[in-house]
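Source file: final_5.cif (mmCIF, C-alpha atoms)
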data_query
#
loop_
_atom_site.label_atom_id
_atom_site.label_comp_id
_atom_site.auth_asym_id
_atom_site.auth_seq_id
_atom_site.Cartn_x
_atom_site.Cartn_y
_atom_site.Cartn_z
CA MET A 1 -15.34 24.12 63.86
CA ASP A 2 -13.07 25.49 61.16
CA VAL A 3 -11.24 22.81 59.21
CA ALA A 4 -7.54 23.27 58.51
CA VAL A 5 -6.60 23.90 54.88
CA GLY A 6 -4.06 21.10 54.86
CA ILE A 7 -6.56 18.24 55.12
CA ALA A 8 -5.19 14.95 53.83
CA VAL A 9 -6.92 14.45 50.47
CA ASP A 10 -6.40 10.69 50.42
CA ALA A 11 -8.05 10.38 53.82
CA LEU A 12 -11.17 12.21 52.65
CA LEU A 13 -11.56 10.85 49.12
CA PRO A 14 -13.52 7.68 50.00
CA THR A 15 -15.97 9.49 52.28
CA LEU A 16 -18.28 11.37 49.89
CA ALA A 17 -20.05 8.29 48.54
CA GLY A 18 -21.41 7.47 52.00
CA ILE A 19 -21.64 10.98 53.37
CA ALA A 20 -24.48 11.60 55.80
CA ARG A 21 -27.02 14.38 55.40
CA GLY A 22 -25.91 17.83 56.45
CA GLN A 23 -22.21 17.06 56.52
CA LEU A 24 -20.98 18.42 53.18
CA ASP A 25 -18.56 21.33 53.17
CA GLY A 26 -16.05 22.71 50.71
CA LYS A 27 -13.10 24.97 50.06
CA PRO A 28 -11.70 26.57 46.88
CA VAL A 29 -8.52 24.85 45.73
CA ALA A 30 -7.87 26.28 42.26
CA LYS A 31 -8.71 29.09 39.88
CA LEU A 32 -8.16 29.50 36.14
CA ASN A 33 -8.56 32.25 33.57
CA THR A 34 -10.21 30.41 30.69
CA GLY A 35 -10.27 33.40 28.35
CA VAL A 36 -13.92 32.74 27.41
CA LEU A 37 -15.89 34.14 30.35
CA SER A 38 -17.36 37.64 30.42
CA HIS A 39 -18.36 39.66 33.47
CA SER A 40 -21.89 40.36 32.25
CA GLY A 41 -22.64 36.94 30.78
CA GLY A 42 -21.27 34.56 33.38
CA GLY A 43 -20.77 31.00 32.23
CA SER A 44 -21.68 27.34 32.44
CA CYS A 45 -19.73 24.12 32.48
CA GLU A 46 -20.11 20.39 32.05
CA VAL A 47 -17.60 17.86 33.33
CA VAL A 48 -17.06 14.56 31.53
CA GLY A 49 -14.39 12.42 33.15
CA PRO A 50 -11.20 14.49 33.44
CA ILE A 51 -12.37 17.18 31.01
CA ALA A 52 -14.40 20.30 31.80
CA TYR A 53 -16.18 22.16 29.00
CA VAL A 54 -16.69 25.83 29.87
CA ALA A 55 -19.01 28.04 27.82
CA GLY A 56 -18.83 31.82 28.15
CA GLY A 57 -19.52 34.96 26.18
CA LEU A 58 -16.17 34.67 24.37
CA GLY A 59 -16.24 31.02 23.34
CA LEU A 60 -15.88 27.44 24.54
CA ALA A 61 -12.86 26.42 26.63
CA VAL A 62 -11.75 22.81 27.03
CA VAL A 63 -10.03 22.31 30.39
CA ASP A 64 -8.04 19.34 31.68
CA VAL A 65 -9.11 18.73 35.31
CA SER A 66 -7.42 15.36 35.78
CA ASP A 67 -5.66 17.11 38.66
CA PRO A 68 -8.48 19.34 39.93
CA THR A 69 -6.06 21.43 41.97
CA LYS A 70 -4.18 22.34 38.79
CA PRO A 71 -6.71 22.82 35.95
CA LYS A 72 -5.09 23.37 32.56
CA LYS A 73 -6.69 24.92 29.49
CA LEU A 74 -6.24 22.68 26.46
CA LYS A 75 -8.15 24.51 23.76
CA THR A 76 -10.43 27.46 23.03
CA VAL A 77 -13.06 27.26 20.31
CA ASN A 78 -14.77 30.23 18.69
CA THR A 79 -18.27 28.81 18.35
CA GLY A 80 -19.73 31.85 16.60
CA VAL A 81 -22.95 31.53 18.64
CA LEU A 82 -22.08 33.06 22.01
CA SER A 83 -22.74 36.66 23.03
CA HIS A 84 -21.09 38.72 25.77
CA GLU A 85 -24.37 39.59 27.46
CA GLY A 86 -26.10 36.22 27.35
CA ALA A 87 -23.29 33.67 27.41
CA GLY A 88 -24.71 30.17 26.88
CA THR A 89 -24.52 26.52 27.86
CA VAL A 90 -22.81 23.36 26.69
CA GLY A 91 -24.12 19.80 26.55
CA VAL A 92 -21.78 16.88 25.79
CA ALA A 93 -22.71 13.52 24.30
CA HIS A 94 -19.99 11.03 23.45
CA ASP A 95 -17.46 12.92 21.29
CA THR A 96 -19.62 15.95 20.58
CA ALA A 97 -20.24 19.19 22.45
CA PHE A 98 -23.37 21.18 21.63
CA VAL A 99 -23.23 24.88 22.50
CA ALA A 100 -26.29 27.15 22.65
CA GLY A 101 -25.81 30.91 22.80
CA GLY A 102 -27.54 34.14 21.93
CA LEU A 103 -26.55 33.78 18.27
CA GLY A 104 -27.48 30.15 17.62
CA LEU A 105 -26.48 26.53 18.15
CA ALA A 106 -22.99 25.19 17.41
CA VAL A 107 -21.68 21.64 17.15
CA VAL A 108 -18.10 20.98 18.27
CA ASP A 109 -16.14 17.77 17.70
CA VAL A 110 -14.34 16.91 20.97
CA SER A 111 -13.15 13.41 20.07
CA ASP A 112 -9.70 14.84 20.78
CA PRO A 113 -10.33 17.49 23.44
CA ALA A 114 -7.01 19.19 22.76
CA LYS A 115 -8.02 19.64 19.13
CA ALA A 116 -11.68 20.50 19.56
CA LYS A 117 -13.19 22.12 16.46
CA LYS A 118 -16.54 23.44 15.31
CA ILE A 119 -18.16 21.24 12.65
CA GLY A 120 -21.73 22.50 12.38
CA SER A 121 -24.33 25.06 13.40
CA CYS A 122 -28.06 25.75 13.31
CA ASP A 123 -30.36 28.76 13.59
CA THR A 124 -32.99 27.63 16.09
CA GLY A 125 -35.17 30.74 15.92
CA VAL A 126 -35.65 30.82 19.71
CA LEU A 127 -32.41 32.35 20.98
CA CYS A 128 -31.92 35.98 22.04
CA HIS A 129 -28.67 37.95 21.98
CA ASN A 130 -28.97 39.21 25.56
CA SER A 131 -30.28 36.05 27.26
CA GLY A 132 -28.15 33.27 25.80
CA GLY A 133 -29.58 29.77 25.66
CA HIS A 134 -29.63 26.25 27.04
CA VAL A 135 -29.21 22.95 25.22
CA LEU A 136 -30.39 19.57 26.52
CA VAL A 137 -29.17 16.44 24.74
CA ASP A 138 -31.53 13.45 24.44
CA ALA A 139 -29.74 10.44 22.96
CA ARG A 140 -32.54 7.94 23.66
CA GLY A 141 -33.96 5.82 20.86
CA GLY A 142 -30.87 5.74 18.67
CA SER A 143 -31.10 9.33 17.46
CA THR A 144 -29.76 12.56 18.93
CA LEU A 145 -32.39 15.15 19.72
CA LEU A 146 -31.59 18.55 21.16
CA PHE A 147 -34.00 20.71 23.11
CA VAL A 148 -32.79 24.29 22.82
CA THR A 149 -34.30 26.84 25.20
CA GLY A 150 -34.11 30.58 24.55
CA GLY A 151 -36.01 33.79 25.18
CA LEU A 152 -38.42 33.05 22.32
CA GLY A 153 -39.30 29.46 23.20
CA VAL A 154 -38.00 25.90 22.86
CA ALA A 155 -36.73 24.42 19.61
CA VAL A 156 -36.40 20.71 18.89
CA VAL A 157 -33.34 19.94 16.76
CA ASP A 158 -32.36 16.64 15.14
CA ALA A 159 -28.57 16.34 15.47
CA SER A 160 -28.21 12.78 14.18
CA ASP A 161 -26.07 14.29 11.43
CA ARG A 162 -23.66 16.29 13.57
CA ALA A 163 -22.44 18.47 10.74
CA LYS A 164 -25.98 19.39 9.68
CA PRO A 165 -28.30 19.73 12.69
CA LYS A 166 -31.89 20.32 11.57
CA LYS A 167 -34.62 22.18 13.41
CA LEU A 168 -37.80 20.07 13.58
CA ALA A 169 -40.17 22.32 15.47
CA SER A 170 -40.51 25.00 18.13
CA VAL A 171 -43.03 25.85 20.84
CA ASP A 172 -43.93 28.94 22.86
CA THR A 173 -43.75 27.94 26.54
CA GLY A 174 -45.24 31.12 27.99
CA VAL A 175 -42.66 31.14 30.81
CA LEU A 176 -39.56 32.49 29.04
CA SER A 177 -38.45 36.12 28.79
CA HIS A 178 -36.17 37.87 26.28
CA ASN A 179 -33.83 39.13 29.00
CA GLY A 180 -33.46 36.01 31.15
CA SER A 181 -32.21 32.62 30.11
CA GLY A 182 -34.20 29.42 30.58
CA HIS A 183 -33.33 25.81 31.27
CA SER A 184 -34.93 22.40 30.73
CA ALA A 185 -34.98 18.81 32.00
CA LEU A 186 -36.71 15.65 30.79
CA VAL A 187 -39.23 13.53 32.69
CA GLY A 188 -40.06 10.70 30.33
CA ASN A 189 -41.76 12.31 27.34
CA HIS A 190 -42.32 15.60 29.13
CA LEU A 191 -39.91 18.51 29.02
CA LEU A 192 -39.81 20.79 32.06
CA VAL A 193 -38.87 24.34 31.10
CA ALA A 194 -37.89 26.87 33.77
CA GLY A 195 -38.06 30.56 32.89
CA GLY A 196 -38.54 33.95 34.45
CA LEU A 197 -42.32 33.54 34.34
CA GLY A 198 -42.58 30.05 35.81
CA LEU A 199 -42.21 26.36 34.98
CA ALA A 200 -43.83 24.90 31.85
CA VAL A 201 -44.46 21.27 30.95
CA ILE A 202 -44.11 20.37 27.26
CA ASP A 203 -45.26 17.07 25.78
CA VAL A 204 -42.44 15.97 23.41
CA SER A 205 -43.66 12.45 22.69
CA ASP A 206 -43.81 13.59 19.07
CA PRO A 207 -40.65 15.71 18.61
CA GLN A 208 -42.12 17.32 15.50
CA LYS A 209 -45.21 18.47 17.37
CA PRO A 210 -44.22 19.60 20.89
CA GLN A 211 -47.19 20.84 22.90
CA LYS A 212 -47.43 22.83 26.11
CA VAL A 213 -49.69 21.01 28.57
CA LYS A 214 -49.18 22.79 31.88
CA SER A 215 -47.41 25.65 33.66
CA ILE A 216 -47.07 26.86 37.25
CA ASN A 217 -45.63 29.87 39.04
CA THR A 218 -42.51 28.82 40.94
CA THR A 219 -42.23 32.27 42.60
CA VAL A 220 -38.42 32.18 42.21
CA GLY A 221 -38.02 33.29 38.58
CA THR A 222 -37.16 36.80 37.44
CA HIS A 223 -37.46 38.31 33.96
CA GLU A 224 -33.82 39.41 33.90
CA GLY A 225 -32.10 36.46 35.59
CA GLY A 226 -31.43 32.93 34.45
CA ASN A 227 -33.45 30.01 35.74
CA HIS A 228 -32.24 26.44 36.17
CA VAL A 229 -34.09 23.16 36.75
CA ILE A 230 -32.58 19.84 37.80
CA LEU A 231 -34.20 16.52 38.71
CA ASN A 232 -33.33 14.35 41.71
CA GLY A 233 -34.40 11.05 40.12
CA SER A 234 -37.22 10.52 42.61
CA GLY A 235 -39.89 12.77 41.18
CA LEU A 236 -38.66 16.12 42.44
CA ALA A 237 -37.37 19.12 40.50
CA TYR A 238 -35.23 21.90 41.96
CA VAL A 239 -35.67 25.28 40.29
CA ALA A 240 -33.06 27.98 40.97
CA GLY A 241 -33.96 31.56 40.06
CA GLY A 242 -33.16 35.10 41.06
CA MET A 243 -35.57 34.95 44.01
CA GLY A 244 -34.43 31.64 45.54
CA LEU A 245 -34.73 27.86 45.17
CA ALA A 246 -38.10 26.12 44.74
CA VAL A 247 -38.81 22.41 45.15
CA ILE A 248 -41.43 21.07 42.72
CA ASP A 249 -43.13 17.67 42.90
CA VAL A 250 -43.20 16.38 39.31
CA ARG A 251 -44.06 12.73 39.92
CA ASP A 252 -47.08 13.51 37.80
CA PRO A 253 -45.70 15.90 35.15
CA LEU A 254 -49.24 16.98 34.29
CA ALA A 255 -49.84 18.17 37.85
CA PRO A 256 -46.61 19.78 39.12
CA ALA A 257 -46.85 21.25 42.62
CA LYS A 258 -44.50 23.47 44.56
CA ILE A 259 -43.73 21.89 47.95
CA GLY A 260 -40.68 23.75 49.24
CA PHE A 261 -38.61 26.93 49.10
CA VAL A 262 -35.35 28.28 50.51
CA ASP A 263 -33.48 31.56 50.28
CA THR A 264 -29.94 30.47 49.43
CA GLY A 265 -28.29 33.85 49.90
CA VAL A 266 -26.23 33.48 46.71
CA LEU A 267 -28.79 34.22 43.98
CA CYS A 268 -29.17 37.62 42.33
CA HIS A 269 -32.28 39.12 40.76
CA ASN A 270 -30.57 39.93 37.46
CA SER A 271 -28.41 36.84 37.00
CA GLY A 272 -30.42 33.93 38.40
CA GLY A 273 -28.73 30.68 39.32
CA HIS A 274 -27.69 27.10 38.64
CA ALA A 275 -28.11 23.90 40.64
CA TYR A 276 -26.40 20.52 40.69
CA LEU A 277 -26.88 17.39 42.81
CA ALA A 278 -24.07 16.23 45.11
CA PRO A 279 -23.72 13.02 47.17
CA GLY A 280 -25.64 12.44 50.39
CA ALA A 281 -28.88 14.33 49.65
CA HIS A 282 -27.01 17.58 49.10
CA LEU A 283 -27.60 20.21 46.45
CA LEU A 284 -25.13 22.76 45.11
CA VAL A 285 -26.64 26.12 44.13
CA SER A 286 -24.54 28.79 42.45
CA GLY A 287 -25.32 32.43 41.78
CA GLY A 288 -23.86 35.90 41.54
CA LEU A 289 -22.91 35.88 45.24
CA GLY A 290 -21.19 32.50 45.45
CA LEU A 291 -21.84 28.80 46.01
CA CYS A 292 -24.39 27.46 48.49
CA ILE A 293 -24.54 23.90 49.86
CA LEU A 294 -28.01 22.68 50.82
CA ASP A 295 -29.32 19.66 52.71
CA VAL A 296 -32.32 18.45 50.67
CA SER A 297 -33.01 15.23 52.59
CA GLU A 298 -36.38 16.73 53.59
CA PRO A 299 -37.82 17.94 50.26
CA ALA A 300 -40.41 20.28 51.72
CA ALA A 301 -37.85 21.93 53.98
CA PRO A 302 -34.47 22.31 52.19
CA LYS A 303 -31.85 23.55 54.62
CA LYS A 304 -29.02 25.94 53.84
CA LEU A 305 -25.79 24.58 55.33
CA ARG A 306 -23.09 26.99 54.24
CA THR A 307 -21.92 29.33 51.50
CA ILE A 308 -18.54 29.48 49.79
CA ASN A 309 -16.93 32.46 48.10
CA THR A 310 -15.44 30.99 44.93
CA GLY A 311 -13.90 34.28 43.79
CA VAL A 312 -15.28 33.94 40.25
CA ALA A 313 -18.99 34.84 40.53
CA SER A 314 -20.30 38.16 39.21
CA ARG A 315 -23.61 39.74 40.13
CA GLU A 316 -24.41 40.55 36.51
CA GLY A 317 -23.50 37.20 34.98
CA GLY A 318 -23.97 34.78 37.84
CA MET A 319 -22.09 31.49 37.96
CA GLY A 320 -22.64 27.96 36.68
CA VAL A 321 -21.74 24.83 38.64
CA ALA A 322 -21.12 21.16 37.89
CA PHE A 323 -20.04 18.21 40.04
CA GLY A 324 -17.33 15.80 38.96
CA MET A 325 -14.13 13.86 39.65
CA GLY A 326 -15.68 12.26 42.71
CA LYS A 327 -15.71 15.24 45.06
CA TYR A 328 -15.28 18.55 43.27
CA ALA A 329 -17.57 21.41 42.31
CA PHE A 330 -16.48 23.18 39.12
CA CYS A 331 -17.69 26.77 38.91
CA ALA A 332 -17.76 29.05 35.86
CA GLY A 333 -18.52 32.71 36.53
CA GLY A 334 -17.94 36.13 35.07
CA LEU A 335 -14.57 36.37 36.82
CA GLY A 336 -13.14 32.99 35.88
CA PHE A 337 -13.21 29.24 36.52
CA ALA A 338 -12.86 27.88 40.05
CA VAL A 339 -12.56 24.41 41.57
CA VAL A 340 -14.02 23.73 45.02
CA GLU A 341 -13.03 20.58 46.88
CA LEU A 342 -16.02 19.08 48.69
CA PHE A 343 -15.55 17.01 51.82
CA ASP A 344 -17.28 15.41 54.78
CA VAL A 345 -16.89 17.97 57.56
CA VAL A 346 -17.18 15.33 60.31
CA VAL A 347 -14.42 13.18 58.82
CA ALA A 348 -12.35 16.29 58.15
CA GLU A 349 -12.60 17.37 61.78
CA ALA A 350 -11.54 13.87 62.89
CA VAL A 351 -8.53 14.04 60.58
CA VAL A 352 -7.54 17.42 62.01
CA VAL A 353 -7.91 16.21 65.61
CA ALA A 354 -5.83 13.11 64.86
CA ALA A 355 -3.14 15.21 63.20
CA GLU A 356 -3.02 17.57 66.15
CA GLY A 357 -2.70 14.59 68.50
CA GLU A 358 0.21 13.15 66.49
CA ALA A 359 1.90 16.55 66.48
CA LYS A 360 1.68 16.81 70.29
CA GLU A 361 3.07 13.27 70.73
CA SER A 362 6.05 14.03 68.52
#
Would you encode the structure as structure tokens?
Amino acid sequence: MDVAVGIAVDALLPTLAGIARGQLDGKPVAKLNTGVLSHSGGGSCEVVGPIAYVAGGLGLAVVDVSDPTKPKKLKTVNTGVLSHEGAGTVGVAHDTAFVAGGLGLAVVDVSDPAKAKKIGSCDTGVLCHNSGGHVLVDARGGSTLLFVTGGLGVAVVDASDRAKPKKLASVDTGVLSHNGSGHSALVGNHLLVAGGLGLAVIDVSDPQKPQKVKSINTTVGTHEGGNHVILNGSGLAYVAGGMGLAVIDVRDPLAPAKIGFVDTGVLCHNSGGHAYLAPGAHLLVSGGLGLCILDVSEPAAPKKLRTINTGVASREGGMGVAFGMGKYAFCAGGLGFAVVELFDVVVAEAVVVAAEGEAKES
């Protein structure tokens, strides 16, 4: 059943928290030209409260999404580390945004989002011009450590002094390629690194001596496209690559095992993909062909529910996705920034039926 565009937002807002499996749907509600996204590099975003941070080949954009249907650009920052071909990623911790791109790592003060400014940078030695980079922020233990993933490996950076981030060490993962970006996630003291050649496990218990301890072939990575890994909090990792989405059991990080796979229909060989968890055992996967919503309640058999054309994805650059503001997917692609409202399709259909009934009675 197609859901009418004019669904009552207030009626649907409370429903996502308790949404049942297989019932998530969505529709684009806004689009914005951030001025920082490039067709060949795509983009990524992170949403913190009412602010979205969008990293693209032309810089970092700070966007006010307090009203998701009317996103407003507040500020653009020239980070000096992003490249048109490889774009990059942004990680936010407290009042600081860390941006990794093909030309290095930048630190941006976002204590006042409307006056965001670059305050530091670092040459990590692992980033490539045409593949961009990924930064993961680890603020455990009172210090701020950054794990920066690029085509040449993973660098560990101490960012306790924001203005003077310092590289501590680097490690060759064996799964990263010069032409395709990588991505990482933490499981305790083990860093999972997804690249075009597979998934590597790095022991980072001693940040100054990271060591590769294991790697597996996910079968979804491509040399040219980006790869993305995200954890579900229950011992599973989802890896999105140019060939599809893989489900990896990482309850024992030293013995990762692939247990599931699905062809999402939105991922491209040369641009890879991104993934983000959504309420109700749902997963959002974005790629060069759009946004896919998956039911992942059965880990070994993820189920594709539907795809959404956001209007901003590009085959060459792909598209990044983040979830925020209770029920919205924020998408950054080579053609712009889009907001997709997510809703419970069953509740939405009930609202439509009720509205039609009231209309007939009047």
Problem set entry | Contacts of stretch 246-258 of chain A within 6 Å, only C-alpha atoms, excl. fewer than 3 positions in-chain, as a VMD selection string | chain A and resid 235 to 239 261
For this session: With a distance cut-off of 8 Å and only C-alpha atoms, select the neighbouring residues of A:Leu168, excluding the residue or stretch itself and same-chain residues fewer than 6 positions from it, and output the selection as a PyMOL selection string.
Result: chain A and resi 155-158+207-208
Exercise. Skipping near chain neighbours, those fewer than 2 positions away, what residues fall within 7 Å of A:Leu283 using all atoms listed in the file, listed as a list in words?
Worked result: Ala275, Tyr276, Leu277, Ala278, Ala281, Val285, Ile293, Leu294, Asp295 and Val296 of chain A
For this session: With only C-alpha atoms counted, which protein, DNA or RNA residues have an atom no more than 12 Å from (-20.7, 36.8, 47.7) in the file frame? Please answer as a ChimeraX atom specification.
Result: /A:264-268,286-292,307-315,318-319
Problem set entry | Shell around A:Thr144 at 12 Å using only C-alpha atoms, local window under 5 positions removed, as JSON, numbers by chain | {"A": [91, 92, 93, 94, 96, 98, 136, 137, 138, 139, 156, 157, 158, 159, 160, 161, 162, 165, 166, 207]}
Could you write out that same residue set with C-alpha atoms as a PDB file, keeping the file's coordinate frame?
ATOM      1  CA  GLY A  91     -24.120  19.800  26.550  1.00  0.00           C
ATOM      2  CA  VAL A  92     -21.780  16.880  25.790  1.00  0.00           C
ATOM      3  CA  ALA A  93     -22.710  13.520  24.300  1.00  0.00           C
ATOM      4  CA  HIS A  94     -19.990  11.030  23.450  1.00  0.00           C
ATOM      5  CA  THR A  96     -19.620  15.950  20.580  1.00  0.00           C
ATOM      6  CA  PHE A  98     -23.370  21.180  21.630  1.00  0.00           C
ATOM      7  CA  LEU A 136     -30.390  19.570  26.520  1.00  0.00           C
ATOM      8  CA  VAL A 137     -29.170  16.440  24.740  1.00  0.00           C
ATOM      9  CA  ASP A 138     -31.530  13.450  24.440  1.00  0.00           C
ATOM     10  CA  ALA A 139     -29.740  10.440  22.960  1.00  0.00           C
ATOM     11  CA  VAL A 156     -36.400  20.710  18.890  1.00  0.00           C
ATOM     12  CA  VAL A 157     -33.340  19.940  16.760  1.00  0.00           C
ATOM     13  CA  ASP A 158     -32.360  16.640  15.140  1.00  0.00           C
ATOM     14  CA  ALA A 159     -28.570  16.340  15.470  1.00  0.00           C
ATOM     15  CA  SER A 160     -28.210  12.780  14.180  1.00  0.00           C
ATOM     16  CA  ASP A 161     -26.070  14.290  11.430  1.00  0.00           C
ATOM     17  CA  ARG A 162     -23.660  16.290  13.570  1.00  0.00           C
ATOM     18  CA  PRO A 165     -28.300  19.730  12.690  1.00  0.00           C
ATOM     19  CA  LYS A 166     -31.890  20.320  11.570  1.00  0.00           C
ATOM     20  CA  PRO A 207     -40.650  15.710  18.610  1.00  0.00           C
TER      21      PRO A 207
END
As a check of understanding, name the residues that the PyMOL selection byres ((chain A and resi 222-224) around 9) selects in the supplied structure, as a PDB file with C-alpha atoms, in the coordinates of the input.
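Result file is result_15.pdb:
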ATOM      1  CA  SER A 131     -30.280  36.050  27.260  1.00  0.00           C
ATOM      2  CA  LEU A 176     -39.560  32.490  29.040  1.00  0.00           C
ATOM      3  CA  SER A 177     -38.450  36.120  28.790  1.00  0.00           C
ATOM      4  CA  HIS A 178     -36.170  37.870  26.280  1.00  0.00           C
ATOM      5  CA  ASN A 179     -33.830  39.130  29.000  1.00  0.00           C
ATOM      6  CA  GLY A 180     -33.460  36.010  31.150  1.00  0.00           C
ATOM      7  CA  SER A 181     -32.210  32.620  30.110  1.00  0.00           C
ATOM      8  CA  GLY A 195     -38.060  30.560  32.890  1.00  0.00           C
ATOM      9  CA  GLY A 196     -38.540  33.950  34.450  1.00  0.00           C
ATOM     10  CA  LEU A 197     -42.320  33.540  34.340  1.00  0.00           C
ATOM     11  CA  GLY A 198     -42.580  30.050  35.810  1.00  0.00           C
ATOM     12  CA  THR A 219     -42.230  32.270  42.600  1.00  0.00           C
ATOM     13  CA  VAL A 220     -38.420  32.180  42.210  1.00  0.00           C
ATOM     14  CA  GLY A 221     -38.020  33.290  38.580  1.00  0.00           C
ATOM     15  CA  GLY A 225     -32.100  36.460  35.590  1.00  0.00           C
ATOM     16  CA  GLY A 226     -31.430  32.930  34.450  1.00  0.00           C
ATOM     17  CA  ASN A 227     -33.450  30.010  35.740  1.00  0.00           C
ATOM     18  CA  GLY A 241     -33.960  31.560  40.060  1.00  0.00           C
ATOM     19  CA  GLY A 242     -33.160  35.100  41.060  1.00  0.00           C
ATOM     20  CA  MET A 243     -35.570  34.950  44.010  1.00  0.00           C
ATOM     21  CA  HIS A 269     -32.280  39.120  40.760  1.00  0.00           C
ATOM     22  CA  ASN A 270     -30.570  39.930  37.460  1.00  0.00           C
ATOM     23  CA  SER A 271     -28.410  36.840  37.000  1.00  0.00           C
ATOM     24  CA  GLY A 272     -30.420  33.930  38.400  1.00  0.00           C
TER      25      GLY A 272
END
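The result of the PyMOL selection byres ((chain A and resi 61) around 8) on the shown file is Thr34, Gly35, Val36, Tyr53, Val54, Ala55, Gly59, Leu60, Val62, Val63, Lys73, Leu74, Lys75, Thr76 and Val77 of chain A.
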Exercise. Pick from A:Ala116, A:Leu305, A:Leu186, A:Ala338: nearest to A:Leu24, with all atoms listed in the file counted?
Worked result: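 Residue with the minimum atom-to-atom distance to A:Leu24: A:Leu305.
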For this session: In Å, rounded to a single decimal, give me how far atom CA of A:His39 is from atom CA of A:Lys304.
Result: 26.8 Å
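Ranking A:Gly320, A:Gly26, A:Gly18, A:Gly56 by their shortest atom-to-atom distance to A:Gly101, with only C-alpha atoms included, puts A:Gly56 first.
The space separating atom CA of A:Glu341 from atom CA of A:Glu46 comes to 16.4 Å.
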Problem set entry | Interatomic distance (Å, one decimal) between atom CA of A:Val47 and atom CA of A:Val65 | 8.8 Å
Exercise. For A:Val126, which residue out of A:Asn189, A:Thr89, A:Ser111, A:Ser170 is the nearest one, using all atoms listed in the file?
Worked result: A:Ser170
For this session: With the file shown as input, list the residues that the PyMOL selection byres ((chain A and resi 194) around 7) selects, as a list in words.
Result: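 This file gives the following for the PyMOL selection byres ((chain A and resi 194) around 7): Gly182, His183, Ser184, Leu192, Val193, Gly195, Gly198, Leu199, Ala200, Asn227, His228 and Val229 of chain A.
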Can you write just those residues out, C-alpha atoms, as a CSV table (one decimal), in the coordinates of the input?
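The resulting file, part_29.csv, is reproduced below:
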chain,number,residue,atom,x,y,z
A,182,GLY,CA,-34.2,29.4,30.6
A,183,HIS,CA,-33.3,25.8,31.3
A,184,SER,CA,-34.9,22.4,30.7
A,192,LEU,CA,-39.8,20.8,32.1
A,193,VAL,CA,-38.9,24.3,31.1
A,195,GLY,CA,-38.1,30.6,32.9
A,198,GLY,CA,-42.6,30.0,35.8
A,199,LEU,CA,-42.2,26.4,35.0
A,200,ALA,CA,-43.8,24.9,31.8
A,227,ASN,CA,-33.4,30.0,35.7
A,228,HIS,CA,-32.2,26.4,36.2
A,229,VAL,CA,-34.1,23.2,36.8
Exercise. From the list A:Glu298, A:Gly133, A:Gly233, A:Thr69, which residue is nearest A:Lys27 when using only C-alpha atoms?
Worked result: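 So, comparing all the options, the nearest one is A:Thr69.
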Exercise. Hey, can you pull every residue with an atom no more than 6 Å from (-34.8, 26.9, 20.6), using all atoms listed in the file, and send it as a list of chain:residue names?
Worked result: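 Here is the list of nearby residues: A:Thr124, A:Val126, A:Leu127, A:Val148, A:Thr149, A:Gly150, A:Gly153, A:Val154, A:Ala155.
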Could you list, with a cut-off of 8 Å and counting only C-alpha atoms, the residues of stretch 3-100 of chain A near stretch 323-331 of chain A, each shown with its nearest atom pair and the distance in Å rounded to one decimal, rows sorted by chain and ascending number, as a Markdown table?
| residue | atom | partner | partner_atom | distance |
| --- | --- | --- | --- | --- |
| A:Leu13 | CA | A:Lys327 | CA | 7.3 |
| A:Leu16 | CA | A:Lys327 | CA | 6.7 |
| A:Ser44 | CA | A:Cys331 | CA | 7.6 |
| A:Cys45 | CA | A:Cys331 | CA | 7.2 |
| A:Val47 | CA | A:Gly324 | CA | 6.0 |
| A:Val48 | CA | A:Gly324 | CA | 7.5 |
| A:Gly49 | CA | A:Met325 | CA | 6.7 |
| A:Pro50 | CA | A:Met325 | CA | 6.9 |
| A:Ser66 | CA | A:Met325 | CA | 7.9 |
| A:Pro68 | CA | A:Tyr328 | CA | 7.6 |
